[in-house]
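K.L.:
Next comes final-v4.pdb, PDB, C-alpha atoms, pLDDT in the B column:
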```
MODEL        1
ATOM      1  CA  MET A 774     -91.010  38.504  39.904  1.00 84.00           C
ATOM      2  CA  MET A 775     -87.914  38.659  37.712  1.00 88.00           C
ATOM      3  CA  GLN A 776     -88.429  40.577  34.479  1.00 90.00           C
ATOM      4  CA  THR A 777     -86.310  42.507  31.998  1.00 93.00           C
ATOM      5  CA  LYS A 778     -87.038  45.169  29.423  1.00 94.00           C
ATOM      6  CA  LEU A 779     -84.238  43.756  27.261  1.00 94.00           C
ATOM      7  CA  THR A 780     -85.184  41.836  24.146  1.00 94.00           C
ATOM      8  CA  LYS A 781     -83.558  38.622  23.013  1.00 94.00           C
ATOM      9  CA  LYS A 782     -82.338  40.519  19.931  1.00 94.00           C
ATOM     10  CA  GLN A 783     -80.504  43.063  22.122  1.00 96.00           C
ATOM     11  CA  ALA A 784     -79.004  40.231  24.158  1.00 96.00           C
ATOM     12  CA  TRP A 785     -77.784  38.431  21.013  1.00 96.00           C
ATOM     13  CA  GLU A 786     -76.250  41.638  19.635  1.00 96.00           C
ATOM     14  CA  LEU A 787     -74.315  42.265  22.848  1.00 97.00           C
ATOM     15  CA  LEU A 788     -73.259  38.626  23.058  1.00 97.00           C
ATOM     16  CA  LYS A 789     -71.915  38.703  19.502  1.00 96.00           C
ATOM     17  CA  LYS A 790     -70.073  41.959  20.172  1.00 97.00           C
ATOM     18  CA  TYR A 791     -67.885  40.128  22.689  1.00 97.00           C
ATOM     19  CA  ASN A 792     -68.101  36.533  21.437  1.00 97.00           C
ATOM     20  CA  SER A 793     -67.318  35.252  17.960  1.00 95.00           C
ATOM     21  CA  GLU A 794     -66.327  31.612  18.475  1.00 95.00           C
ATOM     22  CA  ASP A 795     -69.004  29.142  17.386  1.00 93.00           C
ATOM     23  CA  PHE A 796     -68.434  27.094  20.540  1.00 93.00           C
ATOM     24  CA  HIS A 797     -69.306  30.033  22.813  1.00 95.00           C
ATOM     25  CA  LEU A 798     -72.358  31.034  20.754  1.00 96.00           C
ATOM     26  CA  LEU A 799     -73.654  27.452  20.767  1.00 95.00           C
ATOM     27  CA  HIS A 800     -73.136  27.197  24.531  1.00 96.00           C
ATOM     28  CA  ALA A 801     -74.974  30.494  25.087  1.00 97.00           C
ATOM     29  CA  ALA A 802     -77.902  29.414  22.891  1.00 96.00           C
ATOM     30  CA  THR A 803     -78.046  26.035  24.628  1.00 97.00           C
ATOM     31  CA  VAL A 804     -78.015  27.437  28.153  1.00 98.00           C
ATOM     32  CA  SER A 805     -80.605  30.051  27.152  1.00 97.00           C
ATOM     33  CA  ALA A 806     -82.975  27.399  25.769  1.00 97.00           C
ATOM     34  CA  VAL A 807     -82.446  25.146  28.799  1.00 98.00           C
ATOM     35  CA  MET A 808     -83.122  28.026  31.198  1.00 98.00           C
ATOM     36  CA  HIS A 809     -86.296  28.965  29.305  1.00 97.00           C
ATOM     37  CA  TRP A 810     -87.407  25.296  29.460  1.00 98.00           C
ATOM     38  CA  TYR A 811     -86.755  25.137  33.198  1.00 98.00           C
ATOM     39  CA  ALA A 812     -88.766  28.320  33.818  1.00 98.00           C
ATOM     40  CA  GLU A 813     -91.730  26.784  31.991  1.00 97.00           C
ATOM     41  CA  HIS A 814     -91.446  23.443  33.804  1.00 97.00           C
ATOM     42  CA  LEU A 815     -90.791  24.807  37.302  1.00 97.00           C
ATOM     43  CA  GLU A 816     -93.842  27.080  37.247  1.00 94.00           C
ATOM     44  CA  TYR A 817     -91.952  30.296  36.540  1.00 97.00           C
ATOM     45  CA  ALA A 818     -93.442  30.673  33.045  1.00 97.00           C
ATOM     46  CA  ASP A 819     -94.035  34.398  33.566  1.00 97.00           C
ATOM     47  CA  GLU A 820     -90.263  34.783  34.064  1.00 97.00           C
ATOM     48  CA  ALA A 821     -89.215  32.529  31.161  1.00 97.00           C
ATOM     49  CA  ASP A 822     -87.889  35.360  28.962  1.00 96.00           C
ATOM     50  CA  PHE A 823     -85.789  36.668  31.857  1.00 97.00           C
ATOM     51  CA  TRP A 824     -84.394  33.178  32.563  1.00 98.00           C
ATOM     52  CA  GLY A 825     -83.588  32.709  28.873  1.00 97.00           C
ATOM     53  CA  ILE A 826     -81.793  36.048  28.556  1.00 97.00           C
ATOM     54  CA  VAL A 827     -79.714  35.332  31.668  1.00 98.00           C
ATOM     55  CA  GLY A 828     -78.754  32.006  30.091  1.00 98.00           C
ATOM     56  CA  LEU A 829     -77.838  33.711  26.823  1.00 97.00           C
ATOM     57  CA  LEU A 830     -75.642  36.331  28.503  1.00 98.00           C
ATOM     58  CA  HIS A 831     -74.141  34.281  31.344  1.00 97.00           C
ATOM     59  CA  ASP A 832     -70.691  34.004  29.706  1.00 98.00           C
ATOM     60  CA  ILE A 833     -70.743  37.448  28.061  1.00 98.00           C
ATOM     61  CA  ASP A 834     -67.203  38.214  29.278  1.00 98.00           C
ATOM     62  CA  PHE A 835     -65.648  34.752  29.044  1.00 97.00           C
ATOM     63  CA  GLU A 836     -64.253  34.751  25.501  1.00 96.00           C
ATOM     64  CA  LYS A 837     -62.481  38.138  25.641  1.00 96.00           C
ATOM     65  CA  TYR A 838     -61.867  38.450  29.370  1.00 96.00           C
ATOM     66  CA  PRO A 839     -61.429  34.903  30.759  1.00 94.00           C
ATOM     67  CA  GLN A 840     -59.321  36.119  33.691  1.00 95.00           C
ATOM     68  CA  GLU A 841     -62.090  38.555  34.682  1.00 96.00           C
ATOM     69  CA  HIS A 842     -65.019  36.168  34.183  1.00 96.00           C
ATOM     70  CA  CYS A 843     -68.140  37.345  36.046  1.00 96.00           C
ATOM     71  CA  ARG A 844     -66.252  40.457  37.167  1.00 96.00           C
ATOM     72  CA  LYS A 845     -66.147  42.187  33.763  1.00 97.00           C
ATOM     73  CA  ALA A 846     -69.752  41.171  32.975  1.00 98.00           C
ATOM     74  CA  PRO A 847     -71.463  44.036  34.893  1.00 97.00           C
ATOM     75  CA  GLU A 848     -69.614  46.639  32.841  1.00 97.00           C
ATOM     76  CA  LEU A 849     -70.518  44.919  29.548  1.00 97.00           C
ATOM     77  CA  LEU A 850     -74.155  44.399  30.543  1.00 98.00           C
ATOM     78  CA  GLN A 851     -74.520  48.068  31.480  1.00 96.00           C
ATOM     79  CA  GLU A 852     -73.960  48.876  27.784  1.00 96.00           C
ATOM     80  CA  ILE A 853     -77.526  47.724  27.160  1.00 95.00           C
ATOM     81  CA  ASN A 854     -78.859  49.057  30.478  1.00 95.00           C
ATOM     82  CA  ALA A 855     -79.367  45.608  31.978  1.00 96.00           C
ATOM     83  CA  GLU A 856     -81.246  45.656  35.260  1.00 96.00           C
ATOM     84  CA  GLU A 857     -79.366  44.991  38.495  1.00 96.00           C
ATOM     85  CA  ASN A 858     -81.180  41.699  39.101  1.00 96.00           C
ATOM     86  CA  LEU A 859     -80.176  40.468  35.629  1.00 97.00           C
ATOM     87  CA  ILE A 860     -76.546  41.451  36.233  1.00 98.00           C
ATOM     88  CA  ARG A 861     -76.584  39.728  39.614  1.00 97.00           C
ATOM     89  CA  ALA A 862     -78.141  36.587  38.111  1.00 97.00           C
ATOM     90  CA  VAL A 863     -75.516  36.431  35.342  1.00 98.00           C
ATOM     91  CA  CYS A 864     -72.658  36.849  37.814  1.00 97.00           C
ATOM     92  CA  SER A 865     -73.997  34.405  40.409  1.00 97.00           C
ATOM     93  CA  HIS A 866     -73.249  31.396  38.183  1.00 96.00           C
ATOM     94  CA  GLY A 867     -69.564  32.000  38.992  1.00 96.00           C
ATOM     95  CA  TYR A 868     -70.166  31.522  42.721  1.00 96.00           C
ATOM     96  CA  GLY A 869     -67.193  29.968  44.501  1.00 92.00           C
ATOM     97  CA  ILE A 870     -65.180  29.960  41.263  1.00 92.00           C
ATOM     98  CA  CYS A 871     -64.561  33.607  40.450  1.00 92.00           C
ATOM     99  CA  VAL A 872     -67.108  35.613  42.499  1.00 95.00           C
ATOM    100  CA  ASP A 873     -68.792  35.350  45.890  1.00 95.00           C
ATOM    101  CA  ILE A 874     -72.340  36.162  44.694  1.00 96.00           C
ATOM    102  CA  LYS A 875     -74.329  33.229  46.051  1.00 97.00           C
ATOM    103  CA  PRO A 876     -77.245  31.979  43.924  1.00 97.00           C
ATOM    104  CA  GLU A 877     -80.436  32.664  45.902  1.00 97.00           C
ATOM    105  CA  HIS A 878     -83.392  32.820  43.512  1.00 96.00           C
ATOM    106  CA  MET A 879     -84.526  29.522  41.965  1.00 97.00           C
ATOM    107  CA  MET A 880     -83.396  30.803  38.562  1.00 97.00           C
ATOM    108  CA  GLU A 881     -79.870  31.527  39.832  1.00 98.00           C
ATOM    109  CA  LYS A 882     -79.636  28.038  41.335  1.00 98.00           C
ATOM    110  CA  VAL A 883     -80.809  26.419  38.097  1.00 98.00           C
ATOM    111  CA  MET A 884     -78.288  28.520  36.147  1.00 97.00           C
ATOM    112  CA  PHE A 885     -75.468  27.446  38.467  1.00 98.00           C
ATOM    113  CA  ALA A 886     -76.503  23.780  38.299  1.00 97.00           C
ATOM    114  CA  SER A 887     -77.132  23.474  34.573  1.00 96.00           C
ATOM    115  CA  ASP A 888     -74.325  25.567  33.027  1.00 96.00           C
ATOM    116  CA  GLU A 889     -71.539  22.978  33.289  1.00 95.00           C
ATOM    117  CA  LEU A 890     -73.981  20.135  32.739  1.00 97.00           C
ATOM    118  CA  THR A 891     -75.150  21.427  29.352  1.00 97.00           C
ATOM    119  CA  GLY A 892     -71.496  21.340  28.267  1.00 95.00           C
ATOM    120  CA  LEU A 893     -71.131  17.740  29.412  1.00 97.00           C
ATOM    121  CA  ILE A 894     -74.347  16.666  27.683  1.00 97.00           C
ATOM    122  CA  GLY A 895     -73.351  18.518  24.510  1.00 95.00           C
ATOM    123  CA  ALA A 896     -69.946  16.803  24.476  1.00 95.00           C
ATOM    124  CA  ALA A 897     -71.605  13.416  25.026  1.00 96.00           C
ATOM    125  CA  ALA A 898     -73.988  14.080  22.120  1.00 95.00           C
ATOM    126  CA  LEU A 899     -71.057  14.788  19.776  1.00 93.00           C
ATOM    127  CA  MET A 900     -69.662  11.317  20.540  1.00 93.00           C
ATOM    128  CA  ARG A 901     -72.872   9.649  19.360  1.00 94.00           C
ATOM    129  CA  PRO A 902     -73.353   8.549  15.732  1.00 95.00           C
ATOM    130  CA  SER A 903     -76.462  10.750  15.597  1.00 94.00           C
ATOM    131  CA  LYS A 904     -74.575  13.803  17.005  1.00 94.00           C
ATOM    132  CA  SER A 905     -77.814  14.446  18.867  1.00 94.00           C
ATOM    133  CA  VAL A 906     -79.264  14.192  22.369  1.00 96.00           C
ATOM    134  CA  GLN A 907     -82.504  12.738  21.020  1.00 96.00           C
ATOM    135  CA  ASP A 908     -81.367   9.120  21.381  1.00 96.00           C
ATOM    136  CA  MET A 909     -79.344   9.655  24.581  1.00 96.00           C
ATOM    137  CA  GLU A 910     -80.525   7.889  27.707  1.00 96.00           C
ATOM    138  CA  LEU A 911     -79.908   8.849  31.319  1.00 97.00           C
ATOM    139  CA  LYS A 912     -77.874   5.661  31.840  1.00 97.00           C
ATOM    140  CA  SER A 913     -75.471   6.707  29.069  1.00 96.00           C
ATOM    141  CA  LEU A 914     -75.171  10.238  30.462  1.00 97.00           C
ATOM    142  CA  LYS A 915     -74.432   8.914  33.956  1.00 97.00           C
ATOM    143  CA  LYS A 916     -71.615   6.800  32.496  1.00 96.00           C
ATOM    144  CA  LYS A 917     -70.069   9.881  30.880  1.00 96.00           C
ATOM    145  CA  PHE A 918     -70.522  11.837  34.121  1.00 97.00           C
ATOM    146  CA  LYS A 919     -68.592   9.194  36.085  1.00 96.00           C
ATOM    147  CA  ASP A 920     -65.743   9.134  33.554  1.00 96.00           C
ATOM    148  CA  LYS A 921     -63.592  12.019  34.870  1.00 92.00           C
ATOM    149  CA  ARG A 922     -61.477  12.008  31.691  1.00 94.00           C
ATOM    150  CA  PHE A 923     -64.496  12.660  29.484  1.00 95.00           C
ATOM    151  CA  ALA A 924     -65.166  16.400  28.992  1.00 94.00           C
ATOM    152  CA  ALA A 925     -62.716  17.027  31.817  1.00 92.00           C
ATOM    153  CA  GLY A 926     -63.363  20.784  31.677  1.00 91.00           C
ATOM    154  CA  CYS A 927     -66.928  20.266  32.917  1.00 93.00           C
ATOM    155  CA  SER A 928     -66.707  20.304  36.703  1.00 95.00           C
ATOM    156  CA  ARG A 929     -68.580  17.403  38.258  1.00 96.00           C
ATOM    157  CA  ASP A 930     -68.203  19.062  41.669  1.00 96.00           C
ATOM    158  CA  ILE A 931     -70.039  22.190  40.500  1.00 96.00           C
ATOM    159  CA  ILE A 932     -72.800  20.066  38.948  1.00 97.00           C
ATOM    160  CA  LYS A 933     -73.192  18.126  42.220  1.00 98.00           C
ATOM    161  CA  GLN A 934     -73.114  21.357  44.238  1.00 97.00           C
ATOM    162  CA  GLY A 935     -75.831  22.751  41.961  1.00 97.00           C
ATOM    163  CA  ALA A 936     -78.048  19.700  42.525  1.00 98.00           C
ATOM    164  CA  ASP A 937     -77.564  20.106  46.292  1.00 98.00           C
ATOM    165  CA  MET A 938     -78.412  23.813  46.066  1.00 97.00           C
ATOM    166  CA  LEU A 939     -81.686  22.906  44.359  1.00 98.00           C
ATOM    167  CA  GLY A 940     -82.449  20.114  46.813  1.00 98.00           C
ATOM    168  CA  TRP A 941     -82.454  17.616  43.936  1.00 98.00           C
ATOM    169  CA  THR A 942     -80.636  14.326  43.540  1.00 98.00           C
ATOM    170  CA  LEU A 943     -77.896  14.264  40.936  1.00 98.00           C
ATOM    171  CA  ASP A 944     -80.036  11.923  38.827  1.00 98.00           C
ATOM    172  CA  GLU A 945     -82.919  14.422  38.903  1.00 98.00           C
ATOM    173  CA  LEU A 946     -80.682  17.219  37.665  1.00 98.00           C
ATOM    174  CA  LEU A 947     -79.136  15.042  34.949  1.00 98.00           C
ATOM    175  CA  GLU A 948     -82.503  13.771  33.752  1.00 98.00           C
ATOM    176  CA  LYS A 949     -84.258  17.159  33.743  1.00 98.00           C
ATOM    177  CA  THR A 950     -81.403  18.905  31.927  1.00 98.00           C
ATOM    178  CA  LEU A 951     -81.207  16.081  29.381  1.00 98.00           C
ATOM    179  CA  TRP A 952     -84.953  16.421  28.748  1.00 97.00           C
ATOM    180  CA  ALA A 953     -84.582  20.185  28.390  1.00 97.00           C
ATOM    181  CA  MET A 954     -81.875  19.729  25.771  1.00 97.00           C
ATOM    182  CA  LYS A 955     -83.950  17.115  23.918  1.00 96.00           C
ATOM    183  CA  ASP A 956     -86.997  19.382  23.847  1.00 95.00           C
ATOM    184  CA  GLU A 957     -85.019  22.442  22.764  1.00 94.00           C
ATOM    185  CA  GLU A 958     -82.490  20.920  20.325  1.00 92.00           C
ATOM    186  CA  LYS A 959     -84.260  22.111  17.156  1.00 89.00           C
ATOM    187  CA  LEU A 960     -84.813  25.587  18.595  1.00 85.00           C
ATOM    188  CA  ILE A 961     -81.110  25.911  19.474  1.00 88.00           C
ATOM    189  CA  ALA A 962     -80.074  24.951  15.929  1.00 83.00           C
ATOM    190  CA  SER A 963     -82.578  27.382  14.390  1.00 80.00           C
ATOM    191  CA  GLU A 964     -81.442  30.254  16.621  1.00 79.00           C
ATOM    192  CA  LEU A 965     -77.841  29.794  15.572  1.00 75.00           C
ATOM    193  CA  THR A 966     -78.671  29.782  11.869  1.00 74.00           C
ATOM    194  CA  ALA A 967     -80.925  32.812  12.286  1.00 67.00           C
ATOM    195  CA  GLU A 968     -78.277  34.894  14.049  1.00 55.00           C
TER
ENDMDL
END
```
If you took the structure in this file and wrote it as C-alpha cells, what would it be?
P.N.:
Amino acid sequence: MMQTKLTKKQAWELLKKYNSEDFHLLHAATVSAVMHWYAEHLEYADEADFWGIVGLLHDIDFEKYPQEHCRKAPELLQEINAEENLIRAVCSHGYGICVDIKPEHMMEKVMFASDELTGLIGAAALMRPSKSVQDMELKSLKKKFKDKRFAAGCSRDIIKQGADMLGWTLDELLEKTLWAMKDEEKLIASELTAE
C-alpha cells in the first residue's frame, strides 16, 4: 500500500517555494484533485491522500528547472523527507520524455495518463462561455482532442500512451478524467483561494 507521512500543507508549502505562477499552481491543484478522485473511484481509497500529494507535487521542478524536469525533483522532495516511493511516483510521469522511470503501480499509470489530459480539458473549459467543465460533454472534448492546433502543448500521443498503459480506451480515459474534473471543480477553486 502506498502511503506518505507528508501532509497536504507540507506539500503545498514546498510547491509554492518553487512555483509562483498561477498557471502552475492551478495545474498542480487540478492534478491533485483528479488523482484523489481516481484513487476513490478505482478502489484505492486508502491511498487517496498519497495519490493526491503525488499529483500536487508532480511538477515541483518544472517552473524553475524546466530543463531538469523530473531529474531535479528528487533533490527538492528530499527537503521535506519525501519517501522513495513518492519520489519515484512523481518522477515516473516523465517516462519517455525526460526520464526512464516506467510507471508500474496503478497510481503511476493514472498520473502519466491524466497529467496532459487535465491541461487539455482545462484549456477547453476556458473556451466555453461558462469557463467551466460542468457543461462540457465528452463529444465536445473529443473534438478538441482531435484538433491538433488546440492546446498544442498537450501531447495527444502521451495521453493515448497513458490510456494504453491502463488498458483503457481513449474514450474511457477522456470520460473518466472529465468526470473527475467536474466532481472536483469547486474543491480546486477553494484550495487555490485558501493557499
K.L.:
Which polymer residues have any atom within 9 Å of an atom of Leu798 in chain A, counting only C-alpha atoms, with same-chain residues fewer than 6 positions away left out, as a PyMOL selection string?
P.N.:
chain A and resi 788-789+792+829+965
K.L.:
For Leu830 in chain A, which residue among A:Ile870, A:Leu893, A:Ala818, A:Leu849 is the nearest when counting all atoms listed in the file?
P.N.:
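Among the listed residues, A:Leu849 lies closest to Leu830 in chain A.
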K.L.:
Given only C-alpha atoms as the basis, pick out the residue of A:Lys915, A:Lys778, A:Lys882, A:Lys921 nearest to Asn854 in chain A.
P.N.:
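Nearest to Asn854 in chain A: A:Lys778.
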K.L.:
Might you spell out which residues the PyMOL selection byres ((chain A and resi 807) around 8) would select in the displayed file, as a list in words?
P.N.:
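After applying the PyMOL selection byres ((chain A and resi 807) around 8), what remains is Thr803, Val804, Ser805, Ala806, Met808, His809, Trp810, Tyr811, Gly825, Gly828, Thr950, Ala953, Met954 and Glu957 of chain A.
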K.L.:
If you apply the PyMOL selection byres ((chain A and resi 923) around 12) to this file, what residues do you get, as a PyMOL selection string?
P.N.:
chain A and resi 892-897+899-900+914-922+924-929
K.L.:
Just checking: using all atoms listed in the file, which residue out of A:Leu943, A:Cys871, A:Met880, A:Ile932 ends up closest to Phe823 in chain A?
P.N.:
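Ranking A:Leu943, A:Cys871, A:Met880, A:Ile932 by distance to Phe823 in chain A, first place goes to A:Met880.
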K.L.:
The PyMOL selection byres ((chain A and resi 777) around 8) - which residues does that actually catch in the file I just gave you? List them as a short mmCIF file (atom, residue, chain, number, x, y, z; two decimals) with C-alpha atoms, in the frame of the given file.
P.N.:
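Now in out.cif:
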```cif
data_model
loop_
_atom_site.label_atom_id
_atom_site.label_comp_id
_atom_site.auth_asym_id
_atom_site.auth_seq_id
_atom_site.Cartn_x
_atom_site.Cartn_y
_atom_site.Cartn_z
CA MET A 775 -87.91 38.66 37.71
CA GLN A 776 -88.43 40.58 34.48
CA LYS A 778 -87.04 45.17 29.42
CA LEU A 779 -84.24 43.76 27.26
CA THR A 780 -85.18 41.84 24.15
CA ASP A 822 -87.89 35.36 28.96
CA PHE A 823 -85.79 36.67 31.86
CA ALA A 855 -79.37 45.61 31.98
CA GLU A 856 -81.25 45.66 35.26
CA LEU A 859 -80.18 40.47 35.63
#
```
K.L.:
Point out the residue among A:Asp873, A:Met938, A:Met774, A:Gln783 with the least atom-to-atom distance to Ala821 in chain A, counting only C-alpha atoms.
P.N.:
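Once distances to Ala821 in chain A are computed over only C-alpha atoms, the minimum belongs to A:Met774.
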K.L.:
Give me, please, the distance in Å between CA of Tyr791 in chain A and CA of Gly867 in chain A, quoted to one decimal.
P.N.:
18.3 Å
K.L.:
Would you work out the distance separating CA of Asp834 in chain A from CA of Leu890 in chain A, expressed in Å to one decimal?
P.N.:
19.6 Å
K.L.:
What does the distance between CA of Arg861 in chain A and CA of Phe835 in chain A come to in Å, to one decimal place?
P.N.:
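We find that CA of Arg861 in chain A and CA of Phe835 in chain A lie 16.0 Å from each other.
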K.L.:
Which of these residues is nearest to His866 in chain A, using all atoms listed in the file: A:Thr942, A:Gln934, A:Ser913, A:Gln840?
P.N.:
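The closest residue to His866 in chain A is A:Gln934.
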K.L.:
Could range 874-891 of chain A be completed with N, CA, C and O atoms and written as a tab-separated table (two decimals), keeping the file's coordinate frame, please?
P.N.:
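Printed below is result19.tsv as written:
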```tsv
chain	number	residue	atom	x	y	z
A	874	ILE	N	-70.91	35.86	44.78
A	874	ILE	CA	-72.34	36.16	44.69
A	874	ILE	C	-73.10	34.84	44.72
A	874	ILE	O	-73.13	34.11	43.73
A	875	LYS	N	-73.68	34.53	45.87
A	875	LYS	CA	-74.33	33.23	46.05
A	875	LYS	C	-75.68	33.17	45.35
A	875	LYS	O	-76.50	34.07	45.51
A	876	PRO	N	-75.93	32.13	44.55
A	876	PRO	CA	-77.24	31.98	43.92
A	876	PRO	C	-78.33	31.85	45.00
A	876	PRO	O	-78.21	31.01	45.89
A	877	GLU	N	-79.36	32.69	44.91
A	877	GLU	CA	-80.44	32.66	45.90
A	877	GLU	C	-81.79	32.37	45.27
A	877	GLU	O	-82.52	31.53	45.76
A	878	HIS	N	-82.12	33.05	44.20
A	878	HIS	CA	-83.39	32.82	43.51
A	878	HIS	C	-83.33	31.45	42.83
A	878	HIS	O	-82.25	30.98	42.46
A	879	MET	N	-84.47	30.83	42.64
A	879	MET	CA	-84.53	29.52	41.96
A	879	MET	C	-83.81	29.57	40.62
A	879	MET	O	-83.07	28.66	40.25
A	880	MET	N	-84.02	30.66	39.88
A	880	MET	CA	-83.40	30.80	38.56
A	880	MET	C	-81.87	30.79	38.67
A	880	MET	O	-81.19	30.17	37.86
A	881	GLU	N	-81.33	31.48	39.66
A	881	GLU	CA	-79.87	31.53	39.83
A	881	GLU	C	-79.32	30.14	40.17
A	881	GLU	O	-78.26	29.75	39.69
A	882	LYS	N	-80.07	29.39	40.98
A	882	LYS	CA	-79.64	28.04	41.34
A	882	LYS	C	-79.67	27.11	40.12
A	882	LYS	O	-78.75	26.31	39.91
A	883	VAL	N	-80.71	27.23	39.31
A	883	VAL	CA	-80.81	26.42	38.10
A	883	VAL	C	-79.67	26.77	37.14
A	883	VAL	O	-79.05	25.89	36.54
A	884	MET	N	-79.38	28.07	37.02
A	884	MET	CA	-78.29	28.52	36.15
A	884	MET	C	-76.96	27.92	36.61
A	884	MET	O	-76.19	27.39	35.81
A	885	PHE	N	-76.70	27.99	37.90
A	885	PHE	CA	-75.47	27.45	38.47
A	885	PHE	C	-75.37	25.95	38.20
A	885	PHE	O	-74.34	25.43	37.79
A	886	ALA	N	-76.49	25.24	38.41
A	886	ALA	CA	-76.50	23.78	38.30
A	886	ALA	C	-76.41	23.29	36.86
A	886	ALA	O	-75.79	22.26	36.58
A	887	SER	N	-77.02	24.00	35.93
A	887	SER	CA	-77.13	23.47	34.57
A	887	SER	C	-76.05	23.96	33.61
A	887	SER	O	-75.85	23.35	32.56
A	888	ASP	N	-75.34	25.01	33.93
A	888	ASP	CA	-74.32	25.57	33.03
A	888	ASP	C	-73.28	24.52	32.62
A	888	ASP	O	-73.12	24.20	31.44
A	889	GLU	N	-72.58	23.98	33.58
A	889	GLU	CA	-71.54	22.98	33.29
A	889	GLU	C	-72.16	21.72	32.69
A	889	GLU	O	-71.58	21.09	31.80
A	890	LEU	N	-73.33	21.37	33.18
A	890	LEU	CA	-73.98	20.14	32.74
A	890	LEU	C	-74.37	20.18	31.27
A	890	LEU	O	-74.25	19.17	30.56
A	891	THR	N	-74.81	21.33	30.78
A	891	THR	CA	-75.15	21.43	29.35
A	891	THR	C	-73.91	21.17	28.49
A	891	THR	O	-74.01	20.56	27.43
```
